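Inspection log for the structure reproduced underneath, given as structure tokens.
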Amino acid sequence: MSTAYQIVVCGSIVPDPLQTLEPVTGPTGPALKNEMMLPAVLDPWAGHALFEAAHLAKSAPGSKVWLVSLGPKAKLQQVMMTVAQKVPFELVALDGPAGGFTEAADVAAALADAINAIPGLDKSRLLVFGGWESASRGAGATMQIVGERLGIANQFQGVDKLTVAADGSLEVLERIEGGKHQVSKCAAPPAVLGWATGNLPEPPNNPQVGMMNMRVVMPALQRAKPAKVAAEGVKFASVTLPKQQRDTKIVKDVPPEEIAKEIVAWIAKD
Amino acid sequence: METILVLAHTETDGSLAKAALEALGAAKTLGGALVVGLVGENVQAAANSIASCGAAKFFGATGSDFSHARYATDAAAAEAICKAAGATVVIAPATSRWNRVLAGVAHRLGGRADAHVTAITAANGVVSVNRWYYRQRMEAVLQRTQRPWVIALEAGCYETWKGSAGSATVEAVAVSLTDACKQTTVTGIRAPAADQQTIRPDAKLLLVAGAGWTKTQPDGKNHTGDAEKLILGFLRLTQASLGSSKSLVDLSGEGQAVLPFMSHLHQIGQTGATPRHPKGLSTCCHGEEPHTVGWRFVNERRAIDLNPNCGWARGKADVLYVADAFAVMAKVNELLAAKK
């Protein structure tokens with residue numbers, strides 16, 4: 001039995017989480033102020049998915065990893081300079097908006113079309129990875145719709161661990177309520193896995209991997225097809241930053257015993 | 001007028017979870033025609049428990065195929081119920097089970113889904129939802145023209161529906177399942193031992209531990225062992241839930257011997273959870289936005305930190321104790337133990 005996988009990771013870019021974000025109203029709806037100027041990173045959960053994909057591919061000889069990414073070409077190029085140094089993959093780029101106020105259904109349609117267009121893709125060995133949510137829209141919807149469009153019935157979300165058993169079946173740990181995991185056994189690919197944080201640390205930069213990846217990244221970016229992604233049918237009545245500012249009482253120069261008494265009384269109060 | 005379907009699944013004991021009753025409570029605030037759809041091995045007891053909710057009909061997809069959370073079977077059941085109900089708006093609790101399938105279900109129905117919704121309102125016949133973008137850093141109010149509109153409502157945002165039980169007539173909905181729907185088998189639940197479980201979503205208090213617990217203390221040494229005893233002792237005495245800043249769990253992930261009971265499951269804010277608790281106490285947490293987004297849905301907030309300008313606390317907590325968390329928490333634990 002072949003244990004090689006064709007792993008397609010769906011992942012886009014988001015503003016660096018340390019940036020200050022401010023919503024503005026653009027011609028097509030809400031957007032971020034200076035969105036194109038904000039430094040971007042690979043979406044954190046998609047990043048975990050990519051690292052897990054590379055780890056699985058390494059342990060299953062003959063496997064291959066694609067990264068299908070939708071975003072403005074210039075920003076994708078910027079982010080790929082860093083991501084490409086982490087793990088080996090082949091980029092499939094789509095040129096379009098990567099902001100949070102676009103529709104997951106539109107993004108999923110573009111991603112599914114791109115996956116279907118990958119030459120020689122064997123769906124019986126296909127694993128579609130991605131983040132279980134994005135750090136922009138945060139809807140947790142895109143991967144499910146990609147799976148639906150590809151006709152994949154085995155879907156898992158909030159995945160923290162994937163183990164391949166000797167018989168080729170997949171054991172998947174998904175996050176559920178209360179700090180627990182649901183354990184499922186999937187008989188065989190194809191499957192969609194929306195990753196939470198997984199178990200792997202971010203791989204160190206590897207310049208050799210970077211050089212190898214960049215040979216295909218630049219042509220992929222040049223070939224990037226425009227993707228029609230919008231928010232048709234959605235009317236945003238408002239997009240605002242939370243304004244709640246608390247009047248914080250500062251308690252200084254008080255012995256720990258007194259503070260402890262106050263905290264215990266506060267905890268006990270209904 | 002909208003036809004509103006409250007879509008819920010039963011728990012392993014056949015009951016409805018609190019989040020499901022909150023979804024029902026939210027649906028009741030909207031007016032409109034209400035119907036209920038239930039998925040589970042047996043849904044009669046659950047339907048009876050909400051028999052007086054005013055639903056015009058109860059639909060059920062039942063059988064052993066629906067006893068566990070599995071994408072293919074749950075999506076098929078939800079799709080069949082939505083079709084049978086002719087719902088234009090579907091409100092479901094944002095449980096892990098429904099979060100896994102609702103977007104796929106909406107796609108099958110030609111509609112749209114919105115997850116992590118925190119409020120639903122209806123004015124002049126127009127339904128609006130509130131949801132957060134960019135990891136709880138901005139809130140949008142939006143409306144949709146697409147129907148059905150599937151809405152996953154976050155737990156803790158509405159009062160639970162309260163009413164008397166009765167006898168409900170459940171209309172069975174046939175669900176067509178192929179072999180492909182059963183390729184995945186749920187084999188179990190993996191959880192820490194009960195006395196080691198530190199994530200408690202229903203706890204009244206959230207303790208947030210920051211990376212400061214692992215830093216060098218005034219004596220020039222790390223005291224992670226003491227930190228572990230203090231944190232776990234506090235959790236044992238209060239039955240609080242434990243959250244963590246990203247920096248602390250990242251240290252654990254990098255294999256450093258820090259606080260061994262911390263995992264990414266504890267992380268709040270950024271790429272972590274946004275838990276809802278009545279009270280929150282942060283200890284040794286540092287950083288500005290976006291690190292503090294995990295605080296956003298905690299009502300009463302207090303913080304202990306040596307830095308009076310701590311971004312976790314200034315303007316975000318009700319009270320900031322400028323003090324050494326090691327000393328304060330040791331005394332807190334002493335007092336709590338004496339009260340037991």
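By convention here, the chains of the structure tokens are called A, B, ... in the order presented, each chain's residues are numbered starting at 1, and ligands are numbered starting at 1 in the order presented.
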Which residues come within 8 Å of segment 146-154 of chain A, counting only C-alpha atoms, excluding same-chain residues fewer than 6 positions away, as a ChimeraX atom specification? /A:108-109,111-112,116,128,186,189-192 /B:71-72,104,107-108,180-181,183-184
Write out, as an mmCIF file, in the first residue's frame, the residues just selected, with N, CA and C atoms.
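Written file, selection25.cif:
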data_model
loop_
_atom_site.group_PDB
_atom_site.id
_atom_site.type_symbol
_atom_site.label_atom_id
_atom_site.label_comp_id
_atom_site.auth_asym_id
_atom_site.auth_seq_id
_atom_site.Cartn_x
_atom_site.Cartn_y
_atom_site.Cartn_z
ATOM 1 N N ALA A 108 -13.203 30.099 -0.635
ATOM 2 C CA ALA A 108 -13.206 28.634 -0.763
ATOM 3 C C ALA A 108 -13.379 28.210 -2.215
ATOM 4 N N ALA A 109 -14.231 28.916 -2.935
ATOM 5 C CA ALA A 109 -14.444 28.570 -4.347
ATOM 6 C C ALA A 109 -13.145 28.737 -5.135
ATOM 7 N N LEU A 111 -10.074 28.688 -3.937
ATOM 8 C CA LEU A 111 -9.083 27.692 -3.490
ATOM 9 C C LEU A 111 -9.398 26.317 -4.075
ATOM 10 N N ALA A 112 -10.668 25.941 -4.046
ATOM 11 C CA ALA A 112 -11.046 24.618 -4.570
ATOM 12 C C ALA A 112 -10.745 24.522 -6.062
ATOM 13 N N ASN A 116 -8.212 21.830 -7.712
ATOM 14 C CA ASN A 116 -8.635 20.951 -8.813
ATOM 15 C C ASN A 116 -7.731 21.095 -10.034
ATOM 16 N N VAL A 128 -6.144 17.706 2.491
ATOM 17 C CA VAL A 128 -6.219 19.161 2.391
ATOM 18 C C VAL A 128 -6.073 19.737 3.786
ATOM 19 N N CYS A 186 -9.931 7.751 10.687
ATOM 20 C CA CYS A 186 -10.393 7.928 9.313
ATOM 21 C C CYS A 186 -9.748 6.821 8.475
ATOM 22 N N PRO A 189 -7.448 8.565 3.100
ATOM 23 C CA PRO A 189 -7.707 9.833 2.425
ATOM 24 C C PRO A 189 -8.770 9.616 1.342
ATOM 25 N N PRO A 190 -9.378 10.671 0.822
ATOM 26 C CA PRO A 190 -9.069 12.075 1.082
ATOM 27 C C PRO A 190 -9.696 12.571 2.381
ATOM 28 N N ALA A 191 -9.089 13.599 2.917
ATOM 29 C CA ALA A 191 -9.615 14.204 4.133
ATOM 30 C C ALA A 191 -9.222 15.683 4.169
ATOM 31 N N VAL A 192 -10.045 16.442 4.888
ATOM 32 C CA VAL A 192 -9.748 17.860 5.140
ATOM 33 C C VAL A 192 -9.419 18.004 6.614
ATOM 34 N N TYR B 71 -18.258 14.684 10.959
ATOM 35 C CA TYR B 71 -18.625 15.670 9.943
ATOM 36 C C TYR B 71 -19.698 15.146 8.989
ATOM 37 N N ALA B 72 -19.437 14.021 8.374
ATOM 38 C CA ALA B 72 -20.292 13.580 7.261
ATOM 39 C C ALA B 72 -21.722 13.329 7.711
ATOM 40 N N GLY B 104 -20.242 24.024 5.948
ATOM 41 C CA GLY B 104 -20.465 23.042 4.887
ATOM 42 C C GLY B 104 -21.949 22.849 4.618
ATOM 43 N N HIS B 107 -23.274 25.755 2.672
ATOM 44 C CA HIS B 107 -22.864 25.623 1.268
ATOM 45 C C HIS B 107 -23.801 24.675 0.529
ATOM 46 N N ARG B 108 -24.117 23.554 1.143
ATOM 47 C CA ARG B 108 -25.009 22.581 0.485
ATOM 48 C C ARG B 108 -26.389 23.171 0.220
ATOM 49 N N ALA B 180 -19.648 6.248 2.357
ATOM 50 C CA ALA B 180 -18.595 7.269 2.465
ATOM 51 C C ALA B 180 -18.785 8.138 3.710
ATOM 52 N N CYS B 181 -20.041 8.261 4.137
ATOM 53 C CA CYS B 181 -20.316 9.075 5.334
ATOM 54 C C CYS B 181 -19.799 8.410 6.605
ATOM 55 N N GLN B 183 -16.880 6.563 6.822
ATOM 56 C CA GLN B 183 -15.460 6.202 6.744
ATOM 57 C C GLN B 183 -14.701 6.596 7.993
ATOM 58 N N THR B 184 -15.243 7.581 8.702
ATOM 59 C CA THR B 184 -14.597 8.032 9.934
ATOM 60 C C THR B 184 -15.343 7.466 11.126
#
Identify every residue of chain A that has at least one atom within 6 Å of any atom of chain B, counting only C-alpha atoms, and report the result as a ChimeraX atom specification. /A:135-137,139,141,144-145,153,155,157,176,178-187,233-241,245-252,256-257,260
Export C-alpha atoms of the chosen residues as an mmCIF file, in the first residue's frame?
data_model
loop_
_atom_site.group_PDB
_atom_site.id
_atom_site.type_symbol
_atom_site.label_atom_id
_atom_site.label_comp_id
_atom_site.auth_asym_id
_atom_site.auth_seq_id
_atom_site.Cartn_x
_atom_site.Cartn_y
_atom_site.Cartn_z
ATOM 1 C CA ALA A 135 -6.617 35.412 12.132
ATOM 2 C CA SER A 136 -8.517 37.826 9.894
ATOM 3 C CA ARG A 137 -12.085 36.668 9.223
ATOM 4 C CA ALA A 139 -15.014 32.280 10.643
ATOM 5 C CA ALA A 141 -15.749 28.272 7.336
ATOM 6 C CA GLN A 144 -15.295 23.141 5.203
ATOM 7 C CA ILE A 145 -16.497 24.709 1.976
ATOM 8 C CA ALA A 153 -16.673 13.799 3.408
ATOM 9 C CA GLN A 155 -13.444 16.577 7.647
ATOM 10 C CA GLN A 157 -11.496 20.892 12.599
ATOM 11 C CA ILE A 176 -13.530 19.940 21.725
ATOM 12 C CA GLY A 178 -13.249 21.752 28.117
ATOM 13 C CA GLY A 179 -9.645 21.208 27.086
ATOM 14 C CA LYS A 180 -10.383 17.767 25.659
ATOM 15 C CA HIS A 181 -9.741 16.067 22.333
ATOM 16 C CA GLN A 182 -12.057 13.895 20.286
ATOM 17 C CA VAL A 183 -10.198 10.957 18.791
ATOM 18 C CA SER A 184 -11.330 9.757 15.371
ATOM 19 C CA LYS A 185 -10.100 7.119 12.988
ATOM 20 C CA CYS A 186 -10.393 7.928 9.313
ATOM 21 C CA ALA A 187 -10.087 4.866 7.109
ATOM 22 C CA GLY A 233 -25.008 39.938 -0.257
ATOM 23 C CA VAL A 234 -23.424 41.236 2.930
ATOM 24 C CA LYS A 235 -24.194 44.666 4.304
ATOM 25 C CA PHE A 236 -21.890 45.861 7.055
ATOM 26 C CA ALA A 237 -23.885 48.233 9.233
ATOM 27 C CA SER A 238 -20.792 49.086 11.250
ATOM 28 C CA VAL A 239 -17.250 47.970 11.955
ATOM 29 C CA THR A 240 -15.793 49.469 15.104
ATOM 30 C CA LEU A 241 -12.956 49.085 17.526
ATOM 31 C CA GLN A 245 -11.865 51.611 28.578
ATOM 32 C CA ARG A 246 -11.950 50.679 32.230
ATOM 33 C CA ASP A 247 -11.130 53.081 34.991
ATOM 34 C CA THR A 248 -8.437 50.935 36.548
ATOM 35 C CA LYS A 249 -7.908 51.359 40.270
ATOM 36 C CA ILE A 250 -4.185 51.071 41.012
ATOM 37 C CA VAL A 251 -3.347 49.506 44.370
ATOM 38 C CA LYS A 252 0.289 50.160 45.310
ATOM 39 C CA PRO A 256 0.631 41.048 50.132
ATOM 40 C CA GLU A 257 -1.511 39.957 53.102
ATOM 41 C CA ALA A 260 -4.713 38.614 49.368
#
Can you pull out every residue from segment 79-328 of chain B that DSSP, working from the backbone, puts in strand (DSSP E or B), and format the result as a PyMOL selection string? chain B and resi 89-93+112-123+126-133+138-144+149-153+170-172+184-190+205-209+241-244+267-268+273+277-283+298-305+319-322
Within segment 36-250 of chain A, find each residue whose DSSP state, derived from the backbone, is alpha helix (DSSP H), and express the selection as a ChimeraX atom specification. /A:44-59,73-83,104-116,142-150,207-223
Quick one, how far is atom CA of Gly14 of chain B from atom CA of Ile81 of chain B? 18.3 Å
